[in-house]
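Below you'll find the structure, written out as structure tokens, and then a few comments.
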Amino acid sequence: MKPSFQTLLFLVLAYITQAAPPLALKDGEALGFNVDWTVIPGAGVIDIRAKNLAPTNENSRLSIITKTSTQNLARAFLKFDATSESIYDSKTGRLLSITENSHAREKTRSHSINFSYKNRTASYKDTTTRIIKLPDGYPTDLITCLLSLRNLKMKPGDTHEALVVFDSDFYDLTIHALGYEEIETPLGAFRTLILEPRMEHSPPKGMFKKGTKVRVWISQDSNPLPIRFRVDFKFGAGLANLIRYTPPTNNKSKEKALNY
């Protein structure tokens with residue numbers, strides 16, 4: 001017996017809602033950002049790199065490592081260094097684990113989280129280990145989430161639902177495409193699309209409850225890139241501009257590296 005139209009439609013919708021977000025980066029791809037903080041230029045740097053890992057149980061994996069550090073005058077006020085590694089299943093796009101380590105004000109903190117989609121749970125470990133329940137959807141960290149939006153070809157007025165994990169908490173975000181803007185950066189002039197994540201399906205919490213606003217500018221060309229990030233707090237703003245880009249390993253003959 002052939003499935004009904006309603007059944008086929010249900011299966012298609014189920015696939016769409018359950019699909020993991022597209023991988024943000026490819027093997028060998030790397031981005032470097034210079035961070036200005038309010039009136040302090042060159043306050044920090046963000047380095048993001050992707051590389052393939054050796055297969056486990058015949059599953060290919062991609063590691064995305066993000067390193068953040070203060071520098072120059074800002075480092076004199078706050079010495080901060082952080083490293084985060086997110087590991088994804090290359091075929092399904094699902095986030096498998098996150099490991100984060102940070103050092104600030106002579107205090108070191110680290111935690112890890114491993115995801116089990118079969119059981120819809122995650123094992124979170126810092127000083128202890130506990131099991132937490134996964135909400136519907138497929139989580140990713142905020143930086144990787146914003147990077148992955150470059151692959152969606154959004155237009156002004158479009159929205160995209162995303163599930164983002166902060167530490168051991170999950171946030172249902174709606175990404176809004178606000179409009180196009182021509183911007184000047186250290187790498188040159190770009191036509192960009194402005195994207196902004198918001199909490200709309202539940203009461204704001206965490207940084208969103210505190211009034212923090214995040215925006216990312218995605219270049220509108222053959223190789224869309226996050227050209228700029230901006231985070232607005234009540235007590236100031238951080239602006240990150242792309243100053244270095246390395247294309248994927250298998251695309252280096254087609255794409256040029258960008259450097260400031």
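Lettering and numbering for the structure tokens are positional, with chains as A, B, ... in the shown order, residues counted from 1 in each chain, and ligands counted from 1 in the shown order.
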What's the 12 Å shell around Lys79 of chain A, counting only C-alpha atoms, without same-chain residues fewer than 5 positions away, as a ChimeraX atom specification? /A:43-44,68-74,102-108
Could you dump the residues just selected with N, CA and C atoms as an mmCIF file, in the first residue's frame?
```cif
data_model
loop_
_atom_site.group_PDB
_atom_site.id
_atom_site.type_symbol
_atom_site.label_atom_id
_atom_site.label_comp_id
_atom_site.auth_asym_id
_atom_site.auth_seq_id
_atom_site.Cartn_x
_atom_site.Cartn_y
_atom_site.Cartn_z
ATOM 1 N N ALA A 43 41.767 44.898 21.907
ATOM 2 C CA ALA A 43 41.623 44.343 23.255
ATOM 3 C C ALA A 43 41.826 42.840 23.309
ATOM 4 N N GLY A 44 41.631 42.163 22.171
ATOM 5 C CA GLY A 44 41.768 40.713 22.202
ATOM 6 C C GLY A 44 41.772 40.112 20.812
ATOM 7 N N THR A 68 40.378 32.237 22.543
ATOM 8 C CA THR A 68 40.112 33.646 22.815
ATOM 9 C C THR A 68 41.092 34.153 23.867
ATOM 10 N N SER A 69 41.671 35.312 23.633
ATOM 11 C CA SER A 69 42.623 35.884 24.592
ATOM 12 C C SER A 69 42.532 37.401 24.581
ATOM 13 N N THR A 70 42.713 38.007 25.754
ATOM 14 C CA THR A 70 42.883 39.457 25.803
ATOM 15 C C THR A 70 44.341 39.772 25.469
ATOM 16 N N GLN A 71 44.589 41.017 25.073
ATOM 17 C CA GLN A 71 45.952 41.423 24.740
ATOM 18 C C GLN A 71 46.114 42.921 24.964
ATOM 19 N N ASN A 72 47.355 43.351 24.863
ATOM 20 C CA ASN A 72 47.704 44.770 24.997
ATOM 21 C C ASN A 72 47.174 45.365 26.303
ATOM 22 N N LEU A 73 46.578 46.565 26.255
ATOM 23 C CA LEU A 73 46.138 47.256 27.464
ATOM 24 C C LEU A 73 45.053 46.468 28.197
ATOM 25 N N ALA A 74 44.161 45.826 27.445
ATOM 26 C CA ALA A 74 43.080 45.072 28.078
ATOM 27 C C ALA A 74 43.618 43.933 28.935
ATOM 28 N N SER A 102 39.204 27.680 30.606
ATOM 29 C CA SER A 102 39.437 29.123 30.651
ATOM 30 C C SER A 102 40.251 29.477 31.891
ATOM 31 N N HIS A 103 40.966 30.587 31.773
ATOM 32 C CA HIS A 103 41.776 31.081 32.900
ATOM 33 C C HIS A 103 41.596 32.591 32.973
ATOM 34 N N ALA A 104 41.077 33.081 34.095
ATOM 35 C CA ALA A 104 40.857 34.514 34.288
ATOM 36 C C ALA A 104 41.019 34.859 35.759
ATOM 37 N N ARG A 105 41.660 35.982 36.011
ATOM 38 C CA ARG A 105 41.866 36.451 37.390
ATOM 39 C C ARG A 105 42.427 35.335 38.275
ATOM 40 N N GLU A 106 43.447 34.670 37.768
ATOM 41 C CA GLU A 106 44.148 33.606 38.495
ATOM 42 C C GLU A 106 43.250 32.418 38.832
ATOM 43 N N LYS A 107 42.120 32.305 38.124
ATOM 44 C CA LYS A 107 41.209 31.197 38.380
ATOM 45 C C LYS A 107 41.016 30.401 37.096
ATOM 46 N N THR A 108 41.188 29.082 37.218
ATOM 47 C CA THR A 108 41.034 28.197 36.072
ATOM 48 C C THR A 108 39.739 27.414 36.188
#
```
Write out as a count of residues only each polymer residue whose atoms come within 8 Å of Arg150 of chain A, counting only C-alpha atoms; drop sequence neighbours fewer than 2 positions from it. 10
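Considering only C-alpha atoms, the residue among A:Asp167, A:Glu85, A:Glu181, A:Asp47 positioned nearest to Lys125 of chain A is A:Asp167.
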What are the DSSP strand (DSSP E) residues of segment 47-205 of chain A, as a tab-separated table (two decimals) with N, CA and C atoms, in the first residue's frame?
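As written to disk, selection03.tsv reads:
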```tsv
chain	number	residue	atom	x	y	z
A	47	ASP	N	40.64	33.11	17.54
A	47	ASP	CA	41.17	32.26	16.49
A	47	ASP	C	40.31	31.00	16.41
A	48	ILE	N	39.78	30.70	15.22
A	48	ILE	CA	38.89	29.55	15.03
A	48	ILE	C	39.46	28.68	13.92
A	49	ARG	N	39.64	27.39	14.21
A	49	ARG	CA	40.22	26.47	13.23
A	49	ARG	C	39.47	25.15	13.21
A	50	ALA	N	39.34	24.57	12.02
A	50	ALA	CA	38.67	23.29	11.86
A	50	ALA	C	39.63	22.26	11.27
A	51	LYS	N	39.54	21.04	11.75
A	51	LYS	CA	40.38	19.97	11.19
A	51	LYS	C	39.67	18.63	11.36
A	52	ASN	N	39.89	17.76	10.38
A	52	ASN	CA	39.34	16.41	10.47
A	52	ASN	C	40.12	15.60	11.50
A	53	LEU	N	39.42	14.77	12.25
A	53	LEU	CA	40.03	13.88	13.20
A	53	LEU	C	40.01	12.45	12.66
A	54	ALA	N	40.83	11.60	13.25
A	54	ALA	CA	40.82	10.20	12.85
A	54	ALA	C	39.44	9.61	13.13
A	55	PRO	N	38.91	8.81	12.20
A	55	PRO	CA	37.57	8.23	12.39
A	55	PRO	C	37.49	7.37	13.64
A	56	THR	N	36.34	7.40	14.29
A	56	THR	CA	36.05	6.54	15.44
A	56	THR	C	34.85	5.67	15.09
A	59	ASN	N	33.15	6.41	11.93
A	59	ASN	CA	32.46	7.69	11.80
A	59	ASN	C	33.48	8.81	11.65
A	60	SER	N	33.34	9.63	10.62
A	60	SER	CA	34.25	10.76	10.43
A	60	SER	C	33.86	11.89	11.36
A	61	ARG	N	34.86	12.63	11.85
A	61	ARG	CA	34.61	13.68	12.83
A	61	ARG	C	35.36	14.95	12.44
A	62	LEU	N	34.77	16.08	12.78
A	62	LEU	CA	35.40	17.38	12.55
A	62	LEU	C	35.55	18.10	13.87
A	63	SER	N	36.75	18.60	14.14
A	63	SER	CA	37.03	19.37	15.35
A	63	SER	C	37.09	20.85	15.01
A	64	ILE	N	36.35	21.67	15.76
A	64	ILE	CA	36.41	23.12	15.63
A	64	ILE	C	36.92	23.69	16.95
A	65	ILE	N	38.11	24.28	16.89
A	65	ILE	CA	38.75	24.81	18.09
A	65	ILE	C	38.71	26.33	18.06
A	66	THR	N	38.22	26.93	19.13
A	66	THR	CA	38.15	28.38	19.26
A	66	THR	C	39.02	28.83	20.43
A	67	LYS	N	39.95	29.74	20.15
A	67	LYS	CA	40.82	30.27	21.20
A	67	LYS	C	40.58	31.78	21.31
A	68	THR	N	40.38	32.24	22.54
A	68	THR	CA	40.11	33.65	22.81
A	68	THR	C	41.09	34.15	23.87
A	69	SER	N	41.67	35.31	23.63
A	69	SER	CA	42.62	35.88	24.59
A	69	SER	C	42.53	37.40	24.58
A	70	THR	N	42.71	38.01	25.75
A	70	THR	CA	42.88	39.46	25.80
A	70	THR	C	44.34	39.77	25.47
A	80	PHE	N	42.93	37.07	30.33
A	80	PHE	CA	41.93	36.04	30.05
A	80	PHE	C	42.36	35.21	28.87
A	81	ASP	N	42.29	33.88	29.02
A	81	ASP	CA	42.58	32.95	27.94
A	81	ASP	C	41.56	31.82	28.02
A	82	ALA	N	41.01	31.45	26.87
A	82	ALA	CA	40.02	30.37	26.84
A	82	ALA	C	40.19	29.56	25.56
A	83	THR	N	39.98	28.26	25.69
A	83	THR	CA	40.01	27.35	24.55
A	83	THR	C	38.79	26.45	24.60
A	84	SER	N	38.12	26.36	23.47
A	84	SER	CA	36.94	25.50	23.37
A	84	SER	C	37.09	24.60	22.16
A	85	GLU	N	36.80	23.31	22.33
A	85	GLU	CA	36.82	22.38	21.21
A	85	GLU	C	35.45	21.72	21.08
A	86	SER	N	34.83	21.89	19.92
A	86	SER	CA	33.57	21.24	19.60
A	86	SER	C	33.83	20.19	18.54
A	87	ILE	N	33.38	18.97	18.78
A	87	ILE	CA	33.60	17.88	17.84
A	87	ILE	C	32.25	17.46	17.24
A	88	TYR	N	32.22	17.42	15.91
A	88	TYR	CA	30.99	17.11	15.18
A	88	TYR	C	31.15	15.83	14.36
A	89	ASP	N	30.02	15.15	14.17
A	89	ASP	CA	29.97	14.04	13.23
A	89	ASP	C	29.91	14.65	11.83
A	95	LEU	N	26.53	17.61	16.85
A	95	LEU	CA	27.55	17.91	17.83
A	95	LEU	C	27.72	16.73	18.76
A	96	LEU	N	28.95	16.21	18.87
A	96	LEU	CA	29.22	15.03	19.69
A	96	LEU	C	29.70	15.41	21.09
A	97	SER	N	30.54	16.45	21.18
A	97	SER	CA	31.07	16.84	22.48
A	97	SER	C	31.62	18.25	22.44
A	98	ILE	N	31.71	18.86	23.62
A	98	ILE	CA	32.34	20.17	23.80
A	98	ILE	C	33.26	20.08	25.01
A	99	THR	N	34.47	20.61	24.87
A	99	THR	CA	35.40	20.73	25.99
A	99	THR	C	35.85	22.18	26.07
A	100	GLU	N	35.73	22.79	27.24
A	100	GLU	CA	36.09	24.19	27.40
A	100	GLU	C	37.01	24.38	28.60
A	101	ASN	N	38.04	25.19	28.41
A	101	ASN	CA	38.97	25.54	29.49
A	101	ASN	C	39.21	27.05	29.45
A	102	SER	N	39.20	27.68	30.61
A	102	SER	CA	39.44	29.12	30.65
A	102	SER	C	40.25	29.48	31.89
A	103	HIS	N	40.97	30.59	31.77
A	103	HIS	CA	41.78	31.08	32.90
A	103	HIS	C	41.60	32.59	32.97
A	104	ALA	N	41.08	33.08	34.10
A	104	ALA	CA	40.86	34.51	34.29
A	104	ALA	C	41.02	34.86	35.76
A	107	LYS	N	42.12	32.31	38.12
A	107	LYS	CA	41.21	31.20	38.38
A	107	LYS	C	41.02	30.40	37.10
A	108	THR	N	41.19	29.08	37.22
A	108	THR	CA	41.03	28.20	36.07
A	108	THR	C	39.74	27.41	36.19
A	109	ARG	N	39.04	27.30	35.07
A	109	ARG	CA	37.78	26.56	35.05
A	109	ARG	C	37.74	25.69	33.81
A	110	SER	N	37.20	24.50	33.93
A	110	SER	CA	37.07	23.61	32.78
A	110	SER	C	35.82	22.75	32.93
A	111	HIS	N	35.24	22.38	31.80
A	111	HIS	CA	34.12	21.46	31.81
A	111	HIS	C	34.02	20.79	30.44
A	112	SER	N	33.28	19.69	30.39
A	112	SER	CA	33.05	18.99	29.13
A	112	SER	C	31.62	18.48	29.11
A	113	ILE	N	31.11	18.26	27.92
A	113	ILE	CA	29.76	17.73	27.77
A	113	ILE	C	29.75	16.81	26.56
A	114	ASN	N	29.21	15.59	26.75
A	114	ASN	CA	29.12	14.60	25.69
A	114	ASN	C	27.65	14.28	25.44
A	115	PHE	N	27.26	14.23	24.16
A	115	PHE	CA	25.86	14.11	23.80
A	115	PHE	C	25.51	12.69	23.34
A	116	SER	N	24.35	12.21	23.79
A	116	SER	CA	23.81	10.92	23.35
A	116	SER	C	22.43	11.19	22.76
A	121	THR	N	20.11	12.52	25.96
A	121	THR	CA	20.74	12.99	27.19
A	121	THR	C	22.14	13.51	26.88
A	122	ALA	N	22.72	14.18	27.86
A	122	ALA	CA	24.10	14.64	27.76
A	122	ALA	C	24.78	14.42	29.10
A	123	SER	N	26.04	14.03	29.06
A	123	SER	CA	26.83	13.85	30.28
A	123	SER	C	27.69	15.09	30.47
A	124	TYR	N	27.41	15.83	31.52
A	124	TYR	CA	28.11	17.09	31.80
A	124	TYR	C	29.09	16.87	32.95
A	125	LYS	N	30.34	17.29	32.75
A	125	LYS	CA	31.36	17.08	33.77
A	125	LYS	C	32.14	18.34	34.03
A	129	THR	N	30.11	14.83	37.79
A	129	THR	CA	29.46	14.42	36.54
A	129	THR	C	27.97	14.26	36.78
A	130	ARG	N	27.19	14.81	35.87
A	130	ARG	CA	25.74	14.65	35.99
A	130	ARG	C	25.13	14.49	34.60
A	131	ILE	N	23.98	13.84	34.55
A	131	ILE	CA	23.27	13.61	33.31
A	131	ILE	C	22.16	14.65	33.17
A	132	ILE	N	22.10	15.31	32.01
A	132	ILE	CA	21.06	16.29	31.76
A	132	ILE	C	20.26	15.88	30.53
A	133	LYS	N	19.01	16.26	30.50
A	133	LYS	CA	18.12	15.90	29.42
A	133	LYS	C	18.27	16.86	28.25
A	139	PRO	N	21.78	20.58	19.36
A	139	PRO	CA	22.48	21.76	19.89
A	139	PRO	C	23.80	22.04	19.20
A	140	THR	N	24.25	23.27	19.35
A	140	THR	CA	25.57	23.68	18.94
A	140	THR	C	25.98	24.83	19.85
A	159	THR	N	13.89	33.96	9.02
A	159	THR	CA	14.26	33.55	10.37
A	159	THR	C	14.74	32.10	10.33
A	160	HIS	N	15.50	31.74	11.33
A	160	HIS	CA	16.02	30.37	11.44
A	160	HIS	C	16.06	29.99	12.91
A	161	GLU	N	15.52	28.82	13.25
A	161	GLU	CA	15.50	28.36	14.63
A	161	GLU	C	16.80	27.61	14.95
A	162	ALA	N	17.35	27.84	16.13
A	162	ALA	CA	18.60	27.21	16.53
A	162	ALA	C	18.56	26.86	18.01
A	163	LEU	N	19.19	25.75	18.34
A	163	LEU	CA	19.33	25.33	19.73
A	163	LEU	C	20.80	25.48	20.12
A	164	VAL	N	21.06	26.35	21.08
A	164	VAL	CA	22.44	26.67	21.46
A	164	VAL	C	22.68	26.25	22.90
A	165	VAL	N	23.84	25.68	23.16
A	165	VAL	CA	24.20	25.25	24.51
A	165	VAL	C	25.24	26.21	25.09
A	166	PHE	N	24.97	26.72	26.29
A	166	PHE	CA	25.90	27.53	27.07
A	166	PHE	C	26.19	26.75	28.34
A	169	ASP	N	23.40	24.65	30.01
A	169	ASP	CA	22.04	25.14	29.77
A	169	ASP	C	21.80	25.26	28.27
A	170	PHE	N	20.53	25.15	27.88
A	170	PHE	CA	20.16	25.20	26.47
A	170	PHE	C	19.26	26.41	26.20
A	171	TYR	N	19.47	27.03	25.03
A	171	TYR	CA	18.73	28.22	24.64
A	171	TYR	C	18.08	28.00	23.28
A	172	ASP	N	16.76	28.20	23.21
A	172	ASP	CA	16.06	28.19	21.93
A	172	ASP	C	16.14	29.59	21.33
A	173	LEU	N	16.87	29.70	20.25
A	173	LEU	CA	17.08	31.01	19.63
A	173	LEU	C	16.40	31.09	18.27
A	174	THR	N	15.93	32.27	17.95
A	174	THR	CA	15.44	32.56	16.61
A	174	THR	C	16.39	33.56	15.98
A	175	ILE	N	17.02	33.17	14.87
A	175	ILE	CA	17.95	34.05	14.17
A	175	ILE	C	17.18	34.88	13.16
A	176	HIS	N	17.27	36.19	13.28
A	176	HIS	CA	16.57	37.10	12.37
A	176	HIS	C	17.55	37.70	11.37
A	177	ALA	N	17.18	37.69	10.10
A	177	ALA	CA	17.94	38.39	9.07
A	177	ALA	C	17.39	39.80	8.96
A	178	LEU	N	18.17	40.80	9.40
A	178	LEU	CA	17.66	42.16	9.53
A	178	LEU	C	17.72	42.96	8.25
A	179	GLY	N	18.78	42.80	7.49
A	179	GLY	CA	18.91	43.60	6.28
A	179	GLY	C	20.36	43.64	5.81
A	180	TYR	N	20.57	44.23	4.63
A	180	TYR	CA	21.91	44.32	4.06
A	180	TYR	C	22.61	45.60	4.52
A	181	GLU	N	23.94	45.53	4.58
A	181	GLU	CA	24.72	46.72	4.93
A	181	GLU	C	26.10	46.62	4.29
A	182	GLU	N	26.54	47.73	3.74
A	182	GLU	CA	27.90	47.84	3.21
A	182	GLU	C	28.81	48.28	4.36
A	183	ILE	N	29.84	47.50	4.63
A	183	ILE	CA	30.73	47.83	5.73
A	183	ILE	C	32.19	47.84	5.28
A	184	GLU	N	32.99	48.65	5.95
A	184	GLU	CA	34.43	48.69	5.73
A	184	GLU	C	35.12	47.93	6.85
A	185	THR	N	36.04	47.04	6.50
A	185	THR	CA	36.76	46.25	7.49
A	185	THR	C	38.25	46.28	7.15
A	188	GLY	N	38.83	45.02	3.76
A	188	GLY	CA	38.23	45.70	2.63
A	188	GLY	C	36.76	45.97	2.83
A	189	ALA	N	36.08	46.32	1.73
A	189	ALA	CA	34.65	46.63	1.78
A	189	ALA	C	33.84	45.40	1.40
A	190	PHE	N	32.73	45.19	2.12
A	190	PHE	CA	31.88	44.02	1.87
A	190	PHE	C	30.42	44.41	1.93
A	191	ARG	N	29.62	43.77	1.09
A	191	ARG	CA	28.17	43.82	1.22
A	191	ARG	C	27.78	42.65	2.11
A	192	THR	N	27.09	42.96	3.20
A	192	THR	CA	26.83	41.94	4.20
A	192	THR	C	25.34	41.86	4.55
A	193	LEU	N	24.97	40.73	5.14
A	193	LEU	CA	23.64	40.54	5.69
A	193	LEU	C	23.78	40.50	7.21
A	194	ILE	N	22.99	41.31	7.92
A	194	ILE	CA	23.06	41.37	9.37
A	194	ILE	C	22.11	40.34	9.96
A	195	LEU	N	22.63	39.49	10.85
A	195	LEU	CA	21.83	38.47	11.53
A	195	LEU	C	21.86	38.72	13.03
A	196	GLU	N	20.73	38.48	13.69
A	196	GLU	CA	20.64	38.71	15.13
A	196	GLU	C	19.86	37.57	15.81
A	197	PRO	N	20.48	36.86	16.77
A	197	PRO	CA	19.76	35.83	17.52
A	197	PRO	C	18.96	36.45	18.66
A	198	ARG	N	17.73	35.95	18.85
A	198	ARG	CA	16.87	36.42	19.92
A	198	ARG	C	16.20	35.23	20.61
```
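The space separating atom CA of Gly206 of chain A from atom CA of Lys234 of chain A comes to 13.6 Å.
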Interatomic distance, atom CA of Asn57 of chain A to atom CA of Arg94 of chain A (Å, one decimal):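 Answer for the atom CA of Asn57 of chain A to atom CA of Arg94 of chain A separation: 15.5 Å.
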Atom CA of Arg120 of chain A to atom CA of Lys210 of chain A, distance in Å rounded to a single decimal: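 Atom-to-atom, atom CA of Arg120 of chain A and atom CA of Lys210 of chain A are spaced 29.5 Å apart.
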Within 9 Å of Gly32 of chain A, counting only C-alpha atoms, which residues qualify if same-chain residues fewer than 6 places away don't, as an MDAnalysis selection string? chainID A and resid 45:49 241:246 259
Resulting file, chosen residues, N, CA and C atoms, as a tab-separated table (two decimals), in the first residue's frame:
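Resulting contents of again-v9.tsv:
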```
chain	number	residue	atom	x	y	z
A	45	VAL	N	41.92	38.79	20.77
A	45	VAL	CA	41.92	38.06	19.51
A	45	VAL	C	41.07	36.81	19.66
A	46	ILE	N	40.47	36.39	18.56
A	46	ILE	CA	39.72	35.13	18.50
A	46	ILE	C	40.25	34.35	17.30
A	47	ASP	N	40.64	33.11	17.54
A	47	ASP	CA	41.17	32.26	16.49
A	47	ASP	C	40.31	31.00	16.41
A	48	ILE	N	39.78	30.70	15.22
A	48	ILE	CA	38.89	29.55	15.03
A	48	ILE	C	39.46	28.68	13.92
A	49	ARG	N	39.64	27.39	14.21
A	49	ARG	CA	40.22	26.47	13.23
A	49	ARG	C	39.47	25.15	13.21
A	241	ASN	N	36.36	42.03	14.23
A	241	ASN	CA	36.48	42.11	12.77
A	241	ASN	C	37.38	41.01	12.25
A	242	LEU	N	36.96	40.38	11.16
A	242	LEU	CA	37.77	39.34	10.54
A	242	LEU	C	39.03	39.96	9.94
A	243	ILE	N	40.19	39.44	10.31
A	243	ILE	CA	41.45	39.95	9.78
A	243	ILE	C	42.25	38.87	9.07
A	244	ARG	N	41.79	37.61	9.18
A	244	ARG	CA	42.53	36.52	8.54
A	244	ARG	C	41.58	35.37	8.20
A	245	TYR	N	41.72	34.86	6.99
A	245	TYR	CA	40.90	33.71	6.59
A	245	TYR	C	41.74	32.74	5.77
A	246	THR	N	41.65	31.46	6.11
A	246	THR	CA	42.31	30.39	5.37
A	246	THR	C	41.23	29.45	4.84
A	259	ASN	N	44.21	38.06	4.36
A	259	ASN	CA	45.00	38.46	5.52
A	259	ASN	C	45.08	39.98	5.59
```
Could you pull out the alpha helix (DSSP H) residues of segment 19-115 of chain A, going by DSSP on the backbone, and write them as an MDAnalysis selection string? chainID A and resid 72:77
Would you save the residues from that selection as a compact mmCIF listing (two decimals), in the first residue's frame, using C-alpha atoms?
```txt
# COMPACT_ATOMS: atom_id res chain seq x y z
CA ASN A 72 47.70 44.77 25.00
CA LEU A 73 46.14 47.26 27.46
CA ALA A 74 43.08 45.07 28.08
CA ARG A 75 45.32 42.24 29.28
CA ALA A 76 46.76 44.52 31.93
CA PHE A 77 43.25 44.91 33.38
```
